[in-house]
Amino acid sequence: MIEIKNLHASVNGKEILKGINLKVNAGEVHAIMGPNGSGKSTLAQVLSGHPAYQVTQGEVIFEGQDLLDMEPEVRAHAGVFLAFQYPVEIPGVSNSYFLKAGLNEIRKSRGQEELDSFQFLKLLKEKMKVVEMDPSFINRPVNEGFSGGEKKRNEILQMAVLEPKLAILDETDSGLDIDALKIVSAGVNKLKSPANATIVVTHYQRLLNYIVPDFVHVLVHGRIVKSGGKELALELEANGYDFIREEMLQSA
Amino acid sequence: MSESIEELVSQEYKYGFTTDIETDTIPPGLNEDVVRLISKKKNEPEWLTDWRLKAFRLWQTMEEPRWPNLKYAKIDYQSVSYYSAPKQAKKLNSLDEVDPILLETYEKLGISLTEQKRLSGVAVDAVFDSVSVATTFKETLKEKGIIFCSFSEAVQEHPDLIKKYLGSVVPYSDNYYAALNSAVFSDGSFCYIPKGVRCPMELSTYFRINASNTGQFERTLIVAEEGAYVSYLEGCTAPMRDEHQLHAAVVELVAMDNAEVKYSTVQNWYAGDKDGKGGIYNFVTKRGKCAGVNSKISWTQVETGSAITWKYPSVILQGDNSIGEFYSVAVVNNRQDADTGTKMLHIGKNTRSTIVSKGISAGRGNNTYRGLVSIGKNATGSRNYTQCDSMLIGNKCSANTFPYIEVKNSSSSVEHEASTSKIGEDQIFYCKQRGINTENAISMIINGFAKEVFKNLPMEFAVEAQKLLGISLEGSVG
Ligand SMILES: Nc1ncnc2c1ncn2[C@@H]1O[C@H](COP(=O)(O)OP(=O)(O)OP(=O)(O)O)[C@@H](O)[C@H]1O
Ligand SMILES: [Mg+2]
């Protein structure tokens with residue numbers, strides 16, 4: 001699905017990603033963990049094309065195409081979805097209007113017919129059930145006045161509607177209460193299929209009890225320093241990142 | 001931000017063409033003879049000539065206001081021509097007699113003056129340079145007793161009404177530009193809705209400046225008698241010219257007992273190029289008087305054009321329980337400057353006013369909201385609600401808010417809310433990540449911001465205004 005090769009990226013001239021290598025196949029779930037400021041969100045933003053980040057080296061192949069060459073909306077059309085760590089507010093624009101515009105652009109790009117308001121509303125209501133979201137959110141302005149947890153849930157609603165091939169969830173669990181975490185994870189699991197893949201960025205093992213990863217990667221100072229199965233997350237939970245830093249020192 | 005935005009910046013003003021037509025234009029310059037000449041050309045009664053002259057004499061003693069937050073070179077009032085009219089047969093008996101070149105001009109602007117072609121049910125008075133060239137649906141309106149015609153025609157046909165109401169809301173002594181307009185106004189629209197009549201269609205005036213080096217000074221007067229209702233639309237465009245052109249209009253509205261006047265403007269005069277060359281100087285005095293009890297006057301404006309805008313549509317709330325409203329979206333881009341807002345003057349008891357102002361600044365634009373809410377000592381139980389929001393696009397533009405509030409009794413209340421936000425790279429990126437391109441993202445964000453104002457526009461106009469907003473801001477993020 002996606003292959004990241006020796007990816008280097010900077011922001012304001014400061015190098016954040018220092019050679020990331022990662023391959024994700026269809027049907028897989030990869031978890032990325034790592035200390036604050038290690039570059040996890042930067043990786044997510046670079047993959048979705050945020051203009052503040054400059055790629056200085058490396059390449060990313062998504063479904064056989066050069067991902068880095070595409071405008072962010074074209075990546076979205078191709079099936080890349082980012083659930084933001086900090087979802088953005090758009091005052092005065094209703095959640096449904098916004099999402100309908102996005103979905104129809106994506107459908108158009110694939111030669112599918114656009115949905116009219118009735119068809120869209122029906123779809124939206126179905127998807128809202130999946131993440132157990134109150135219908136009052138249909139007409140509220142995008143993320144405006146939403147609580148932290150509601151914003152995160154809204155991201156997963158958008159993912160459910162847009163049905164991406166590759167979903168990158170950046171700390172979707174932070175801000176969710178325990179019940180919401182279960183609901184949102186169940187939602188993510190329901191959307192999983194052999195044809196799509198998920199990259200979950202998180203700090204906590206707790207989320208990975210619900211969304212079980214096939215692989216866990218540890219990102220430190222802009223590099224993936226360790227990869228393993230789901231048990232790696234348990235190790236991290238028990239020992240923190242120090243043992244990795246020590247391993248790195250020993251091998252250096 | 002990205003190339004696509006750069007491309008969009010170069011979008012041309014699409015109404016910038018000129019019409020090649022023979023005109024009757026008087027030489028530049030202003031003195032009493034010019035005032036008399038204009039009055040004579042229009043075959044006006046003596047009292048009106050005198051009124052103009054009084055205005056002119058007063059104007060000469062007045063100073064151009066310097067308090068607005070606007071920067072422009074001093075205007076040489078002697079270099080402007082004060083009268084220009086397309087040459088045509090003196091009196092038109094039907095639309096068929098209108099010069100086809102003029103009809104074509106309006107077609108090009110998207111306004112059809114041919115009645116059978118207009119399905120939308122909007123009656124139009126078309127003002128070309130200083131003169132009204134055609135008014136549609138006159139007969140239909142006449143059946144209801146509604147008068148809708150050019151100002152010049154009204155002076156001839158309904159002198160009593162003009163004499164009674166001209167200057168009754170905006171006296172010629174009101175301000176510098178109003179005095180100038182009163183001296184040299186050439187045409188405009190007049191509209192009279194008799195007692196108890198609800199005007200069955202939207203009335204509209206479309207102003208077009210064509211001639212170069214000419215000022216446009218029109219007057220609009222709308223009177224709604226007891227229990228009458230009218231919704232009025234005003235649109236305006238001008239060709240792209242390198243020199244600045246002066247536009248100083250006066251609009252007066254009168255609402256008697258239980259009457260309602262709704263006045264909507266989409267102002268799209270040429271704004272000048274991106275370096276500030278050319279563009280219209282728009283100095284307009286608009287005021288409505290809620291003369292009767294329970295009357296209502298509502299101003300809605302979408303201001304996207306003009307190099308300089310100086311405009312404060314106001315309401316005098318004289319009748320008890322009367323209502324004044326002001327909804328405004330003002331956009332400045334490139335080098336545009338706007339100083340706009342409203343005055344709500346509460347005189348009667350239990351009067352209410354609402355002000356919603358949305359200022360959008362982009363490029364090197366400079367946007368100022370200036371508003372006065374005054375609640376007099378007899379205006380007991382009155383209320384005002386003001387909301388003033390500014391949005392900045394990019395970091396070379398500016399927004400200012402100057403609210404003035406005077407409350408002279410203790411049973412009234414005034415509420416003021418203000419906010420400033422910035423359209424961010426992050427908002428646009430968020431939209432793009434969901435599949436929406438930059439252009440649509442900006443238009444979506446801006447329209448969301450201005451929504452409360454747009455919903456007050458008549459449907460047809462709202463759609464046009466939304467598109468216009470998109471066009472005037474294209475390429476402004478980055
Ligand atoms: N726009 C920016 N300008 C300056 N520095 C930035 C910018 N974006 C990211 N950084 C810096 O890059 C580094 C990596 O940030 P990033 O957000 O990717 O970390 P993270 O791994 O997601 O951390 P967290 O776990 O706290 O979310 C940090 O030091 C951050 O301050
Ligand atoms: Mg992060």
# chains A, B, ... in the order shown; residues from 1 in each chain; ligands from 1
call {"tool": "residues_near_ligand", "arguments": {"ligand": "ligand 1", "cutoff": "9 Å", "atoms": "only C-alpha atoms and all ligand atoms", "output": "ChimeraX atom specification"}}
result
/A:10-17,33-45,52-53,85,170-171,201-203,219-222
call {"tool": "residues_around", "arguments": {"residues": "Val124 in chain B", "least_positions_apart": "6", "cutoff": "7 Å", "atoms": "only C-alpha atoms", "output": "VMD selection string"}}
result
chain B and resid 135 to 136 203 to 206
call {"tool": "closest_atom_pairs", "arguments": {"of": "chain A", "to": "chain B", "cutoff": "6 Å", "atoms": "only C-alpha atoms", "output": "CSV"}}
result
residue,atom,partner,partner_atom,distance
A:Pro72,CA,B:Gln433,CA,5.6
A:Glu73,CA,B:Gly435,CA,4.3
A:Ala76,CA,B:Gly435,CA,5.1
A:His77,CA,B:Gly435,CA,5.8
A:Gly92,CA,B:Gly448,CA,3.9
A:Val93,CA,B:Gly448,CA,4.8
A:Gly102,CA,B:Gly435,CA,4.9
A:Glu105,CA,B:Gly435,CA,5.9
A:Ile106,CA,B:Gly435,CA,5.9
call {"tool": "write_last_selection", "arguments": {"atoms": "all heavy atoms", "output": "PDB file, in the first residue's frame"}}
result
ATOM      1  N   PRO A  72      -2.165  18.067  -1.501  1.00  0.00           N
ATOM      2  CA  PRO A  72      -2.867  17.376  -0.407  1.00  0.00           C
ATOM      3  C   PRO A  72      -4.249  16.846  -0.800  1.00  0.00           C
ATOM      4  O   PRO A  72      -4.614  15.737  -0.427  1.00  0.00           O
ATOM      5  CB  PRO A  72      -3.004  18.463   0.666  1.00  0.00           C
ATOM      6  CG  PRO A  72      -1.926  19.434   0.378  1.00  0.00           C
ATOM      7  CD  PRO A  72      -1.652  19.373  -1.088  1.00  0.00           C
ATOM      8  N   GLU A  73      -5.016  17.656  -1.582  1.00  0.00           N
ATOM      9  CA  GLU A  73      -6.358  17.187  -1.925  1.00  0.00           C
ATOM     10  C   GLU A  73      -6.307  15.994  -2.880  1.00  0.00           C
ATOM     11  O   GLU A  73      -7.185  15.137  -2.855  1.00  0.00           O
ATOM     12  CB  GLU A  73      -7.238  18.316  -2.480  1.00  0.00           C
ATOM     13  CG  GLU A  73      -6.833  18.900  -3.829  1.00  0.00           C
ATOM     14  CD  GLU A  73      -5.866  20.065  -3.677  1.00  0.00           C
ATOM     15  OE1 GLU A  73      -5.090  20.084  -2.697  1.00  0.00           O
ATOM     16  OE2 GLU A  73      -5.880  20.949  -4.559  1.00  0.00           O
ATOM     17  N   ALA A  76      -5.825  13.040  -0.822  1.00  0.00           N
ATOM     18  CA  ALA A  76      -7.114  12.666  -0.228  1.00  0.00           C
ATOM     19  C   ALA A  76      -7.950  11.902  -1.246  1.00  0.00           C
ATOM     20  O   ALA A  76      -8.564  10.880  -0.930  1.00  0.00           O
ATOM     21  CB  ALA A  76      -7.858  13.899   0.262  1.00  0.00           C
ATOM     22  N   HIS A  77      -7.952  12.397  -2.497  1.00  0.00           N
ATOM     23  CA  HIS A  77      -8.715  11.707  -3.541  1.00  0.00           C
ATOM     24  C   HIS A  77      -8.184  10.285  -3.738  1.00  0.00           C
ATOM     25  O   HIS A  77      -8.943   9.363  -3.998  1.00  0.00           O
ATOM     26  CB  HIS A  77      -8.626  12.470  -4.872  1.00  0.00           C
ATOM     27  CG  HIS A  77      -9.174  13.857  -4.803  1.00  0.00           C
ATOM     28  ND1 HIS A  77      -8.929  14.817  -5.757  1.00  0.00           N
ATOM     29  CD2 HIS A  77      -9.951  14.466  -3.874  1.00  0.00           C
ATOM     30  CE1 HIS A  77      -9.528  15.951  -5.416  1.00  0.00           C
ATOM     31  NE2 HIS A  77     -10.148  15.754  -4.281  1.00  0.00           N
ATOM     32  N   GLY A  92     -19.105  28.645  11.067  1.00  0.00           N
ATOM     33  CA  GLY A  92     -20.123  28.976  10.069  1.00  0.00           C
ATOM     34  C   GLY A  92     -20.313  27.936   8.984  1.00  0.00           C
ATOM     35  O   GLY A  92     -21.229  28.044   8.179  1.00  0.00           O
ATOM     36  N   VAL A  93     -19.440  26.929   8.942  1.00  0.00           N
ATOM     37  CA  VAL A  93     -19.589  25.886   7.922  1.00  0.00           C
ATOM     38  C   VAL A  93     -20.066  24.618   8.640  1.00  0.00           C
ATOM     39  O   VAL A  93     -19.395  24.131   9.538  1.00  0.00           O
ATOM     40  CB  VAL A  93     -18.257  25.601   7.211  1.00  0.00           C
ATOM     41  CG1 VAL A  93     -18.409  24.478   6.200  1.00  0.00           C
ATOM     42  CG2 VAL A  93     -17.735  26.862   6.541  1.00  0.00           C
ATOM     43  N   GLY A 102     -16.288  17.407   0.718  1.00  0.00           N
ATOM     44  CA  GLY A 102     -15.109  16.545   0.631  1.00  0.00           C
ATOM     45  C   GLY A 102     -15.427  15.234  -0.062  1.00  0.00           C
ATOM     46  O   GLY A 102     -14.738  14.826  -1.005  1.00  0.00           O
ATOM     47  N   GLU A 105     -16.011  15.657  -3.793  1.00  0.00           N
ATOM     48  CA  GLU A 105     -14.762  15.881  -4.532  1.00  0.00           C
ATOM     49  C   GLU A 105     -14.032  14.551  -4.746  1.00  0.00           C
ATOM     50  O   GLU A 105     -13.511  14.278  -5.829  1.00  0.00           O
ATOM     51  CB  GLU A 105     -13.834  16.841  -3.776  1.00  0.00           C
ATOM     52  CG  GLU A 105     -14.267  18.303  -3.780  1.00  0.00           C
ATOM     53  CD  GLU A 105     -14.403  18.880  -5.173  1.00  0.00           C
ATOM     54  OE1 GLU A 105     -13.601  18.503  -6.055  1.00  0.00           O
ATOM     55  OE2 GLU A 105     -15.321  19.702  -5.400  1.00  0.00           O
ATOM     56  N   ILE A 106     -14.006  13.749  -3.696  1.00  0.00           N
ATOM     57  CA  ILE A 106     -13.319  12.464  -3.793  1.00  0.00           C
ATOM     58  C   ILE A 106     -14.029  11.566  -4.803  1.00  0.00           C
ATOM     59  O   ILE A 106     -13.399  10.941  -5.657  1.00  0.00           O
ATOM     60  CB  ILE A 106     -13.234  11.799  -2.399  1.00  0.00           C
ATOM     61  CG1 ILE A 106     -12.278  12.605  -1.517  1.00  0.00           C
ATOM     62  CG2 ILE A 106     -12.799  10.338  -2.500  1.00  0.00           C
ATOM     63  CD1 ILE A 106     -12.237  12.185  -0.071  1.00  0.00           C
TER      64      ILE A 106
END
call {"tool": "atom_distance", "arguments": {"atom1": "CA of Val197 in chain B", "atom2": "CA of Asn350 in chain B"}}
result
25.7 Å
call {"tool": "select_by_dssp", "arguments": {"residues": "range 10-232 of chain A", "states": "alpha helix (DSSP H)", "output": "CSV table (one decimal) with N, CA and C atoms, in the first residue's frame"}}
result
chain,number,residue,atom,x,y,z
A,40,LYS,N,6.4,12.2,15.3
A,40,LYS,CA,5.3,11.3,14.8
A,40,LYS,C,4.3,12.1,14.0
A,41,SER,N,3.9,13.3,14.6
A,41,SER,CA,2.9,14.1,13.9
A,41,SER,C,3.5,14.7,12.6
A,42,THR,N,4.8,15.0,12.7
A,42,THR,CA,5.5,15.5,11.5
A,42,THR,C,5.4,14.4,10.4
A,43,LEU,N,5.6,13.2,10.7
A,43,LEU,CA,5.5,12.1,9.7
A,43,LEU,C,4.1,12.1,9.1
A,44,ALA,N,3.1,12.2,10.0
A,44,ALA,CA,1.7,12.2,9.6
A,44,ALA,C,1.4,13.3,8.6
A,45,GLN,N,1.9,14.5,9.0
A,45,GLN,CA,1.6,15.7,8.2
A,45,GLN,C,2.3,15.7,6.9
A,46,VAL,N,3.6,15.2,6.9
A,46,VAL,CA,4.3,15.1,5.7
A,46,VAL,C,3.6,14.1,4.7
A,47,LEU,N,3.1,13.0,5.2
A,47,LEU,CA,2.4,12.0,4.4
A,47,LEU,C,1.2,12.6,3.8
A,48,SER,N,0.5,13.5,4.5
A,48,SER,CA,-0.7,14.1,3.9
A,48,SER,C,-0.4,15.5,3.2
A,72,PRO,N,-2.2,18.1,-1.5
A,72,PRO,CA,-2.9,17.4,-0.4
A,72,PRO,C,-4.2,16.8,-0.8
A,73,GLU,N,-5.0,17.7,-1.6
A,73,GLU,CA,-6.4,17.2,-1.9
A,73,GLU,C,-6.3,16.0,-2.9
A,74,VAL,N,-5.2,16.0,-3.7
A,74,VAL,CA,-5.1,14.8,-4.6
A,74,VAL,C,-4.8,13.5,-3.8
A,75,ARG,N,-4.0,13.7,-2.7
A,75,ARG,CA,-3.7,12.6,-1.9
A,75,ARG,C,-5.0,12.1,-1.2
A,76,ALA,N,-5.8,13.0,-0.8
A,76,ALA,CA,-7.1,12.7,-0.2
A,76,ALA,C,-7.9,11.9,-1.2
A,77,HIS,N,-8.0,12.4,-2.5
A,77,HIS,CA,-8.7,11.7,-3.5
A,77,HIS,C,-8.2,10.3,-3.7
A,78,ALA,N,-6.8,10.1,-3.6
A,78,ALA,CA,-6.2,8.8,-3.8
A,78,ALA,C,-6.5,7.9,-2.6
A,95,ASN,N,-20.9,20.9,9.7
A,95,ASN,CA,-20.2,19.6,9.6
A,95,ASN,C,-20.7,18.8,8.4
A,96,SER,N,-22.0,18.8,8.1
A,96,SER,CA,-22.5,18.0,7.0
A,96,SER,C,-22.1,18.7,5.6
A,97,TYR,N,-22.2,20.0,5.6
A,97,TYR,CA,-21.8,20.7,4.3
A,97,TYR,C,-20.4,20.4,4.0
A,98,PHE,N,-19.5,20.5,5.0
A,98,PHE,CA,-18.1,20.3,4.8
A,98,PHE,C,-17.8,18.9,4.3
A,99,LEU,N,-18.4,18.0,5.0
A,99,LEU,CA,-18.1,16.6,4.7
A,99,LEU,C,-18.6,16.2,3.4
A,100,LYS,N,-19.8,16.7,3.0
A,100,LYS,CA,-20.4,16.4,1.8
A,100,LYS,C,-19.5,17.0,0.6
A,101,ALA,N,-19.0,18.2,0.8
A,101,ALA,CA,-18.1,18.8,-0.2
A,101,ALA,C,-16.9,17.9,-0.4
A,102,GLY,N,-16.3,17.4,0.7
A,102,GLY,CA,-15.1,16.5,0.6
A,102,GLY,C,-15.4,15.2,-0.1
A,103,LEU,N,-16.5,14.6,0.4
A,103,LEU,CA,-16.8,13.3,-0.2
A,103,LEU,C,-17.1,13.4,-1.7
A,104,ASN,N,-17.9,14.5,-2.1
A,104,ASN,CA,-18.2,14.6,-3.5
A,104,ASN,C,-16.9,14.9,-4.3
A,105,GLU,N,-16.0,15.7,-3.8
A,105,GLU,CA,-14.8,15.9,-4.5
A,105,GLU,C,-14.0,14.6,-4.7
A,106,ILE,N,-14.0,13.7,-3.7
A,106,ILE,CA,-13.3,12.5,-3.8
A,106,ILE,C,-14.0,11.6,-4.8
A,107,ARG,N,-15.4,11.5,-4.7
A,107,ARG,CA,-16.1,10.7,-5.7
A,107,ARG,C,-15.9,11.2,-7.1
A,108,LYS,N,-15.9,12.5,-7.3
A,108,LYS,CA,-15.7,13.1,-8.6
A,108,LYS,C,-14.4,12.6,-9.2
A,109,SER,N,-13.4,12.7,-8.4
A,109,SER,CA,-12.0,12.4,-8.8
A,109,SER,C,-11.9,10.9,-9.3
A,117,SER,N,-28.1,15.9,-1.6
A,117,SER,CA,-28.2,16.1,-0.1
A,117,SER,C,-28.9,14.9,0.6
A,118,PHE,N,-29.9,14.4,-0.1
A,118,PHE,CA,-30.7,13.3,0.6
A,118,PHE,C,-29.8,12.1,0.8
A,119,GLN,N,-29.2,11.7,-0.3
A,119,GLN,CA,-28.3,10.5,-0.3
A,119,GLN,C,-27.2,10.7,0.7
A,120,PHE,N,-26.7,11.9,0.8
A,120,PHE,CA,-25.6,12.1,1.7
A,120,PHE,C,-26.0,12.0,3.1
A,121,LEU,N,-27.2,12.7,3.4
A,121,LEU,CA,-27.7,12.7,4.8
A,121,LEU,C,-27.9,11.3,5.3
A,122,LYS,N,-28.4,10.5,4.4
A,122,LYS,CA,-28.7,9.1,4.8
A,122,LYS,C,-27.4,8.4,5.2
A,123,LEU,N,-26.4,8.6,4.3
A,123,LEU,CA,-25.1,8.0,4.6
A,123,LEU,C,-24.5,8.5,5.9
A,124,LEU,N,-24.6,9.8,6.1
A,124,LEU,CA,-24.0,10.4,7.2
A,124,LEU,C,-24.6,9.9,8.5
A,125,LYS,N,-26.0,9.7,8.5
A,125,LYS,CA,-26.7,9.2,9.7
A,125,LYS,C,-26.2,7.8,10.0
A,126,GLU,N,-26.1,7.0,8.9
A,126,GLU,CA,-25.6,5.6,9.2
A,126,GLU,C,-24.2,5.6,9.9
A,127,LYS,N,-23.3,6.5,9.3
A,127,LYS,CA,-22.0,6.5,9.8
A,127,LYS,C,-21.9,7.1,11.2
A,128,MET,N,-22.9,8.0,11.5
A,128,MET,CA,-22.9,8.6,12.9
A,128,MET,C,-23.3,7.5,13.9
A,129,LYS,N,-24.1,6.6,13.5
A,129,LYS,CA,-24.4,5.5,14.4
A,129,LYS,C,-23.2,4.6,14.7
A,130,VAL,N,-22.3,4.4,13.7
A,130,VAL,CA,-21.1,3.6,13.9
A,130,VAL,C,-20.2,4.2,15.0
A,148,GLY,N,-12.8,18.4,23.4
A,148,GLY,CA,-11.7,17.7,22.9
A,148,GLY,C,-12.1,16.3,22.4
A,149,GLY,N,-12.8,15.6,23.2
A,149,GLY,CA,-13.2,14.2,22.8
A,149,GLY,C,-14.2,14.2,21.6
A,150,GLU,N,-15.1,15.2,21.6
A,150,GLU,CA,-16.0,15.3,20.4
A,150,GLU,C,-15.3,15.5,19.1
A,151,LYS,N,-14.2,16.3,19.2
A,151,LYS,CA,-13.4,16.6,18.0
A,151,LYS,C,-12.8,15.3,17.5
A,152,LYS,N,-12.3,14.5,18.4
A,152,LYS,CA,-11.6,13.3,18.0
A,152,LYS,C,-12.6,12.3,17.4
A,153,ARG,N,-13.8,12.3,18.0
A,153,ARG,CA,-14.8,11.4,17.5
A,153,ARG,C,-15.3,11.9,16.1
A,154,ASN,N,-15.3,13.2,15.9
A,154,ASN,CA,-15.7,13.8,14.6
A,154,ASN,C,-14.7,13.4,13.5
A,155,GLU,N,-13.4,13.3,13.9
A,155,GLU,CA,-12.4,12.8,12.9
A,155,GLU,C,-12.7,11.4,12.4
A,156,ILE,N,-13.1,10.6,13.4
A,156,ILE,CA,-13.4,9.2,13.0
A,156,ILE,C,-14.7,9.1,12.2
A,157,LEU,N,-15.6,10.0,12.5
A,157,LEU,CA,-16.8,10.1,11.7
A,157,LEU,C,-16.5,10.4,10.2
A,158,GLN,N,-15.6,11.4,10.1
A,158,GLN,CA,-15.2,11.8,8.7
A,158,GLN,C,-14.5,10.6,8.0
A,159,MET,N,-13.7,9.9,8.8
A,159,MET,CA,-13.0,8.7,8.2
A,159,MET,C,-14.0,7.7,7.7
A,160,ALA,N,-15.0,7.5,8.6
A,160,ALA,CA,-16.1,6.5,8.2
A,160,ALA,C,-16.8,6.9,6.9
A,161,VAL,N,-17.0,8.2,6.8
A,161,VAL,CA,-17.7,8.7,5.6
A,161,VAL,C,-16.8,8.6,4.3
A,162,LEU,N,-15.6,9.0,4.5
A,162,LEU,CA,-14.7,9.1,3.3
A,162,LEU,C,-14.1,7.7,2.9
A,178,ILE,N,-13.1,6.8,28.7
A,178,ILE,CA,-12.9,5.3,28.5
A,178,ILE,C,-14.0,4.7,27.6
A,179,ASP,N,-15.2,5.2,27.8
A,179,ASP,CA,-16.3,4.7,27.0
A,179,ASP,C,-16.1,5.1,25.5
A,180,ALA,N,-15.8,6.4,25.4
A,180,ALA,CA,-15.6,6.9,24.0
A,180,ALA,C,-14.5,6.2,23.3
A,181,LEU,N,-13.4,5.8,24.1
A,181,LEU,CA,-12.3,5.1,23.5
A,181,LEU,C,-12.8,3.8,22.9
A,182,LYS,N,-13.6,3.1,23.6
A,182,LYS,CA,-14.1,1.8,23.2
A,182,LYS,C,-15.0,2.0,21.9
A,183,ILE,N,-15.8,3.0,22.0
A,183,ILE,CA,-16.7,3.2,20.8
A,183,ILE,C,-16.0,3.6,19.6
A,184,VAL,N,-15.0,4.5,19.7
A,184,VAL,CA,-14.2,5.0,18.6
A,184,VAL,C,-13.4,3.8,18.0
A,185,SER,N,-12.8,3.0,18.9
A,185,SER,CA,-12.0,1.9,18.5
A,185,SER,C,-12.8,0.9,17.8
A,186,ALA,N,-14.0,0.6,18.3
A,186,ALA,CA,-14.9,-0.3,17.7
A,186,ALA,C,-15.2,0.2,16.3
A,187,GLY,N,-15.4,1.5,16.2
A,187,GLY,CA,-15.7,2.1,14.9
A,187,GLY,C,-14.6,1.9,13.9
A,188,VAL,N,-13.4,2.1,14.4
A,188,VAL,CA,-12.2,1.9,13.5
A,188,VAL,C,-12.1,0.5,13.1
A,189,ASN,N,-12.3,-0.4,14.0
A,189,ASN,CA,-12.2,-1.9,13.7
A,189,ASN,C,-13.3,-2.3,12.6
A,190,LYS,N,-14.5,-1.7,12.8
A,190,LYS,CA,-15.5,-2.0,11.8
A,190,LYS,C,-15.2,-1.6,10.4
A,191,LEU,N,-14.4,-0.5,10.3
A,191,LEU,CA,-14.0,0.0,9.0
A,191,LEU,C,-12.8,-0.7,8.4
A,205,GLN,N,-0.6,2.1,25.4
A,205,GLN,CA,-0.9,0.7,25.1
A,205,GLN,C,-2.4,0.5,25.1
A,206,ARG,N,-3.1,1.2,26.0
A,206,ARG,CA,-4.5,1.1,26.2
A,206,ARG,C,-5.3,1.0,24.9
A,207,LEU,N,-5.0,1.9,24.0
A,207,LEU,CA,-5.7,2.0,22.7
A,207,LEU,C,-5.4,0.7,21.9
A,208,LEU,N,-4.2,0.2,22.0
A,208,LEU,CA,-3.8,-1.0,21.2
A,208,LEU,C,-4.4,-2.3,21.7
A,209,ASN,N,-5.1,-2.2,22.9
A,209,ASN,CA,-5.9,-3.3,23.4
A,209,ASN,C,-7.1,-3.5,22.5
A,210,TYR,N,-7.6,-2.3,22.0
A,210,TYR,CA,-8.8,-2.3,21.2
A,210,TYR,C,-8.5,-2.4,19.7
A,231,GLU,N,3.6,-7.0,21.1
A,231,GLU,CA,4.2,-7.1,22.5
A,231,GLU,C,5.2,-6.0,22.8
A,232,LEU,N,5.7,-5.4,21.7
A,232,LEU,CA,6.7,-4.3,21.9
A,232,LEU,C,6.0,-3.1,22.7
call {"tool": "residues_around", "arguments": {"residues": "Arg52 in chain B", "least_positions_apart": "5", "cutoff": "8 Å", "atoms": "only C-alpha atoms", "output": "list in words"}}
result
Val35, Ser182, Ala183 and Val184 of chain B
call {"tool": "residues_around", "arguments": {"residues": "Ile244 in chain A", "least_positions_apart": "6", "cutoff": "9 Å", "atoms": "only C-alpha atoms", "output": "PyMOL selection string"}}
result
chain A and resi 218+225-226+236
call {"tool": "write_last_selection", "arguments": {"atoms": "C-alpha atoms", "output": "PDB file, in the first residue's frame"}}
result
ATOM      1  CA  VAL A 218       9.277   3.256  17.933  1.00  0.00           C
ATOM      2  CA  VAL A 225      14.767   2.825  16.122  1.00  0.00           C
ATOM      3  CA  LYS A 226      12.901  -0.351  16.872  1.00  0.00           C
ATOM      4  CA  LEU A 236       7.303   0.155  26.287  1.00  0.00           C
TER       5      LEU A 236
END
call {"tool": "residues_around", "arguments": {"residues": "Leu53 in chain B", "least_positions_apart": "5", "cutoff": "12 Å", "atoms": "only C-alpha atoms", "output": "ChimeraX atom specification"}}
result
/B:30-39,46-48,58-60,172-173,179-185
call {"tool": "residues_around", "arguments": {"residues": "Val80 in chain A", "least_positions_apart": "5", "cutoff": "8 Å", "atoms": "only C-alpha atoms", "output": "list in words"}}
result
Ser48, Arg75, Pro164, Lys165, Leu166, Ala167 and Ile168 of chain A
call {"tool": "residues_around", "arguments": {"residues": "Gln65 in chain A", "least_positions_apart": "4", "cutoff": "10 Å", "atoms": "only C-alpha atoms", "output": "list in words"}}
result
Ile2, Val60, Ile61, Asp69, Met70 and Ala78 of chain A
call {"tool": "atom_distance", "arguments": {"atom1": "CA of Gly305 in chain B", "atom2": "CA of Leu469 in chain B"}}
result
10.1 Å
call {"tool": "atom_distance", "arguments": {"atom1": "CA of Val373 in chain B", "atom2": "CA of Gly227 in chain B"}}
result
26.5 Å
call {"tool": "closest_residue", "arguments": {"among": "B:Asn378, B:Asn69, B:Gln267, B:Gln336", "to": "Gln318 in chain B", "atoms": "only C-alpha atoms"}}
result
B:Asn378
